[in-house]
Amino acid sequence: MIDGTAGVSGRRDADEALLDNPDALAEHDPGGMLRHTASAGAQVRESAALAAEANLSVLADDGRPRAVVIAGIGTAGRTGDVLATVAGPRCPVPVIAHRSAGVPGWVGAADVVIAVSASGRSPEALGAAEAAHRRGARLVAVGAPDSQLQSIAEQARAPFIPVPRRAPARASLWALTVPVLLAARSLGLVKVNEADLAETAARLDADADRCRSAAESFVNPAKSLALGLAGSIPIVWGSSPLATVAARRFGDTLSANARYPVVTGALGEAGRGRVGLLDGVFGGLAEGERDIFADPTDDDGDGTRLRLVLLRDGGLNAEDDTDEPFAVEERRADAVQTLAERRGVRCDVVTAEGGSALERLASLIAVPDFASIYLALAHGLDPMAVPAITEMKELSNQ
């Protein structure tokens with residue numbers, strides 16, 4: 001065990017047995033990250049109801065905007081990526097996720113700015129909201145009630161969707177995302193109806209049940225994924241734009257919850273260079289030295305290896321969601337699985353399910369979200385408390 005002066009604690013090797021002990025899981029998860037993650041379906045329903053009370057229809061009074069900027073950092077910034085992929089390449093206006101303070105220099109009265117902050121006080125969202133108000137852009141704000149962000153929205157007479165702060169921001173993706181999607185729907189940019197939201201919430205509920213702490217590893221897909229990743233360097237690639245958003249989300253949670261270094265991105269882009277990682281010192285070169293008679297589930301301790309996680313879009317409605325033919329994405333995904341197999345690099349595959357883009361995205365995010373938490377718990381890490389984040393804020397604000 002490591003117990004440093006900075007409050008870092010945990011174990012270098014994963015304790016697999018801990019994952020099948022619900023009492024031990026609860027003890028190592030004092031902040032309730034598993035519980036907060038299991039609330040994803042409820043977040044969809046609650047945020048949809050709160051957005052319905054915000055009178056977002058006023059956004060359409062001035063017609064279609066020139067562009068939509070989603071301003072936020074971390075999980076709040078990821079909502080912009082979700083909107084862009086759900087809207088798809090045929091969206092009539094640019095959808096831009098902006099992760100810096102303020103707004104791009106070209107933003108003006110013809111544009112819409114959606115400022116998102118779970119706490120309602122992030123400098124990026126506050127700066128964007130103030131800049132949008134000064135420049136006469138239409139503003140929508142999403143964040144904690146009775147916050148600085150709400151005050152700015154009220155001064156600008158702009159719609160504000162309150163998101164009750166019940167969980168850390170990284171466990172509040174769906175609470176923050178749904179208001180952004182519904183604001184975009186009011187502008188005529190996405191087709192997200194009540195049935196899509198209901199089915200997405202039901203999907204998240206079902207996955208939360210499959211990934212519950214009482215479900216043993218051999219039937220729990222999140223625990224199985226976590227154990228496969230233990231001690232590895234994960235590479236997470238998405239086969240489509242939608243799956244790539246889920247891949248980057250998994251990178252976020254693996255880093256923040258489990259403190260694992262991770263490579264993420266689009267499989268199409270990886271095929272132009274990063275796929276070479278499979279040949280490298282953590283890939284094929286390491287696997288070529290593995291004892292072929294050893295138990296494949298045992299860690300033989302002779303070095304860290306890559307573990308590939310491939311998120312595959314199920315292909316439903318593919319022609320509506322991407323300019324690239326579905327068959328091309330499928331061949332590319334099959335090819336990288338074959339490459340990994342030839343080099344002995346182990347590969348986990350999560351395939352999207354559902355009838356809408358939003359539900360398919362949820363099906364690719366839910367299990368990996370839980371897996372990142374189980375991986376943290378297996379290493380004795382509290383997924384809620386990240387000392388480095390706290391110290392970084394303290395040092396940066398001095």
# chains A, B, ... in the order shown; residues from 1 in each chain; ligands from 1
>>> residues_around(residues="Leu375 of chain A", least_positions_apart="5", cutoff="9 Å", atoms="only C-alpha atoms", output="list in words")
Ala14, Leu19, Lys223, Leu225, Ala226, Leu227, Leu229, Ala230, Leu254, Asn257, Ala258, Phe370, Gly380 and Leu381 of chain A
>>> closest_atom_pairs(of="segment 29-74 of chain A", to="segment 107-116 of chain A", cutoff="8 Å", atoms="only C-alpha atoms", output="Markdown table")
| residue | atom | partner | partner_atom | distance |
| --- | --- | --- | --- | --- |
| A:Pro65 | CA | A:Asp111 | CA | 5.0 |
| A:Arg66 | CA | A:Asp111 | CA | 5.2 |
| A:Ala67 | CA | A:Asp111 | CA | 5.1 |
| A:Val68 | CA | A:Val112 | CA | 4.8 |
| A:Val69 | CA | A:Val113 | CA | 4.8 |
| A:Ile70 | CA | A:Ile114 | CA | 4.7 |
| A:Ala71 | CA | A:Ala115 | CA | 4.8 |
| A:Gly72 | CA | A:Val116 | CA | 5.2 |
>>> residues_around(residues="segment 94-102 of chain A", least_positions_apart="5", cutoff="12 Å", atoms="only C-alpha atoms", output="JSON, numbers by chain")
{"A": [64, 65, 66, 67, 68, 69, 70, 71, 72, 73, 74, 75, 76, 77, 78, 79, 80, 81, 82, 83, 84, 85, 86, 87, 88, 89, 107, 111, 112, 113, 114, 115, 116, 117, 122, 123, 124, 125, 126, 127, 128, 129, 130, 131, 132, 133, 134, 135, 180, 181, 184, 187, 189, 190]}
>>> select_by_dssp(residues="segment 108-183 of chain A", states="alpha helix (DSSP H)", output="mmCIF file with N, CA and C atoms, in the first residue's frame")
data_model
loop_
_atom_site.group_PDB
_atom_site.id
_atom_site.type_symbol
_atom_site.label_atom_id
_atom_site.label_comp_id
_atom_site.auth_asym_id
_atom_site.auth_seq_id
_atom_site.Cartn_x
_atom_site.Cartn_y
_atom_site.Cartn_z
ATOM 1 N N PRO A 123 -14.756 29.068 -14.309
ATOM 2 C CA PRO A 123 -14.370 30.303 -15.012
ATOM 3 C C PRO A 123 -14.682 30.254 -16.500
ATOM 4 N N GLU A 124 -14.582 29.070 -17.101
ATOM 5 C CA GLU A 124 -14.828 28.951 -18.537
ATOM 6 C C GLU A 124 -16.284 29.254 -18.867
ATOM 7 N N ALA A 125 -17.209 28.648 -18.110
ATOM 8 C CA ALA A 125 -18.633 28.876 -18.380
ATOM 9 C C ALA A 125 -19.041 30.303 -18.026
ATOM 10 N N LEU A 126 -18.543 30.806 -16.896
ATOM 11 C CA LEU A 126 -18.896 32.172 -16.490
ATOM 12 C C LEU A 126 -18.381 33.194 -17.500
ATOM 13 N N GLY A 127 -17.130 33.015 -17.935
ATOM 14 C CA GLY A 127 -16.566 33.933 -18.913
ATOM 15 C C GLY A 127 -17.318 33.896 -20.231
ATOM 16 N N ALA A 128 -17.738 32.696 -20.643
ATOM 17 C CA ALA A 128 -18.486 32.568 -21.890
ATOM 18 C C ALA A 128 -19.851 33.233 -21.785
ATOM 19 N N ALA A 129 -20.533 33.034 -20.651
ATOM 20 C CA ALA A 129 -21.854 33.636 -20.471
ATOM 21 C C ALA A 129 -21.764 35.152 -20.475
ATOM 22 N N GLU A 130 -20.771 35.698 -19.776
ATOM 23 C CA GLU A 130 -20.610 37.155 -19.748
ATOM 24 C C GLU A 130 -20.280 37.714 -21.127
ATOM 25 N N ALA A 131 -19.395 37.022 -21.847
ATOM 26 C CA ALA A 131 -19.012 37.481 -23.180
ATOM 27 C C ALA A 131 -20.194 37.409 -24.141
ATOM 28 N N ALA A 132 -20.981 36.336 -24.050
ATOM 29 C CA ALA A 132 -22.153 36.217 -24.920
ATOM 30 C C ALA A 132 -23.135 37.350 -24.671
ATOM 31 N N HIS A 133 -23.333 37.677 -23.401
ATOM 32 C CA HIS A 133 -24.247 38.779 -23.045
ATOM 33 C C HIS A 133 -23.736 40.101 -23.597
ATOM 34 N N ARG A 134 -22.448 40.367 -23.449
ATOM 35 C CA ARG A 134 -21.872 41.617 -23.952
ATOM 36 C C ARG A 134 -22.010 41.747 -25.457
ATOM 37 N N ARG A 135 -21.859 40.624 -26.153
ATOM 38 C CA ARG A 135 -21.852 40.682 -27.613
ATOM 39 C C ARG A 135 -23.241 40.546 -28.233
ATOM 40 N N GLN A 148 -23.495 31.475 -9.529
ATOM 41 C CA GLN A 148 -23.077 32.649 -10.294
ATOM 42 C C GLN A 148 -23.568 32.573 -11.727
ATOM 43 N N LEU A 149 -23.581 31.378 -12.281
ATOM 44 C CA LEU A 149 -24.028 31.224 -13.663
ATOM 45 C C LEU A 149 -25.504 31.581 -13.794
ATOM 46 N N GLN A 150 -26.311 31.206 -12.823
ATOM 47 C CA GLN A 150 -27.718 31.579 -12.863
ATOM 48 C C GLN A 150 -27.875 33.091 -12.779
ATOM 49 N N SER A 151 -27.065 33.740 -11.968
ATOM 50 C CA SER A 151 -27.155 35.204 -11.846
ATOM 51 C C SER A 151 -26.862 35.888 -13.170
ATOM 52 N N ILE A 152 -25.844 35.398 -13.885
ATOM 53 C CA ILE A 152 -25.516 35.998 -15.180
ATOM 54 C C ILE A 152 -26.658 35.775 -16.164
ATOM 55 N N ALA A 153 -27.235 34.575 -16.156
ATOM 56 C CA ALA A 153 -28.356 34.289 -17.059
ATOM 57 C C ALA A 153 -29.544 35.195 -16.756
ATOM 58 N N GLU A 154 -29.810 35.424 -15.483
ATOM 59 C CA GLU A 154 -30.922 36.305 -15.125
ATOM 60 C C GLU A 154 -30.663 37.740 -15.562
ATOM 61 N N GLN A 155 -29.430 38.205 -15.417
ATOM 62 C CA GLN A 155 -29.088 39.549 -15.883
ATOM 63 C C GLN A 155 -29.279 39.680 -17.390
ATOM 64 N N LEU A 173 -22.835 13.489 -16.313
ATOM 65 C CA LEU A 173 -22.843 13.734 -17.760
ATOM 66 C C LEU A 173 -24.250 13.876 -18.306
ATOM 67 N N TRP A 174 -25.149 12.991 -17.915
ATOM 68 C CA TRP A 174 -26.492 13.005 -18.503
ATOM 69 C C TRP A 174 -27.330 14.157 -17.967
ATOM 70 N N ALA A 175 -27.107 14.543 -16.726
ATOM 71 C CA ALA A 175 -27.822 15.704 -16.185
ATOM 72 C C ALA A 175 -27.458 16.969 -16.937
ATOM 73 N N LEU A 176 -26.208 17.063 -17.392
ATOM 74 C CA LEU A 176 -25.750 18.250 -18.122
ATOM 75 C C LEU A 176 -26.061 18.162 -19.613
ATOM 76 N N THR A 177 -26.055 16.948 -20.153
ATOM 77 C CA THR A 177 -26.214 16.778 -21.596
ATOM 78 C C THR A 177 -27.641 16.992 -22.076
ATOM 79 N N VAL A 178 -28.610 16.473 -21.343
ATOM 80 C CA VAL A 178 -29.997 16.557 -21.812
ATOM 81 C C VAL A 178 -30.471 17.997 -22.014
ATOM 82 N N PRO A 179 -30.203 18.937 -21.083
ATOM 83 C CA PRO A 179 -30.617 20.325 -21.351
ATOM 84 C C PRO A 179 -29.961 20.910 -22.596
ATOM 85 N N VAL A 180 -28.698 20.546 -22.851
ATOM 86 C CA VAL A 180 -28.010 21.036 -24.052
ATOM 87 C C VAL A 180 -28.715 20.519 -25.303
ATOM 88 N N LEU A 181 -29.065 19.242 -25.300
ATOM 89 C CA LEU A 181 -29.756 18.657 -26.453
ATOM 90 C C LEU A 181 -31.126 19.296 -26.662
ATOM 91 N N LEU A 182 -31.840 19.550 -25.583
ATOM 92 C CA LEU A 182 -33.183 20.117 -25.718
ATOM 93 C C LEU A 182 -33.133 21.578 -26.139
ATOM 94 N N ALA A 183 -32.096 22.290 -25.727
ATOM 95 C CA ALA A 183 -31.919 23.656 -26.226
ATOM 96 C C ALA A 183 -31.664 23.631 -27.732
#
>>> closest_residue(among="A:Gly354, A:Glu216, A:Val140, A:Ala388", to="Ala17 of chain A", atoms="only C-alpha atoms")
A:Glu216
>>> residues_around(residues="Thr200 of chain A", least_positions_apart="3", cutoff="8 Å", atoms="only C-alpha atoms", output="list in words")
Gly41, Val44, Asp196, Leu197, Arg203, Leu204, Leu358, Glu359 and Ala362 of chain A
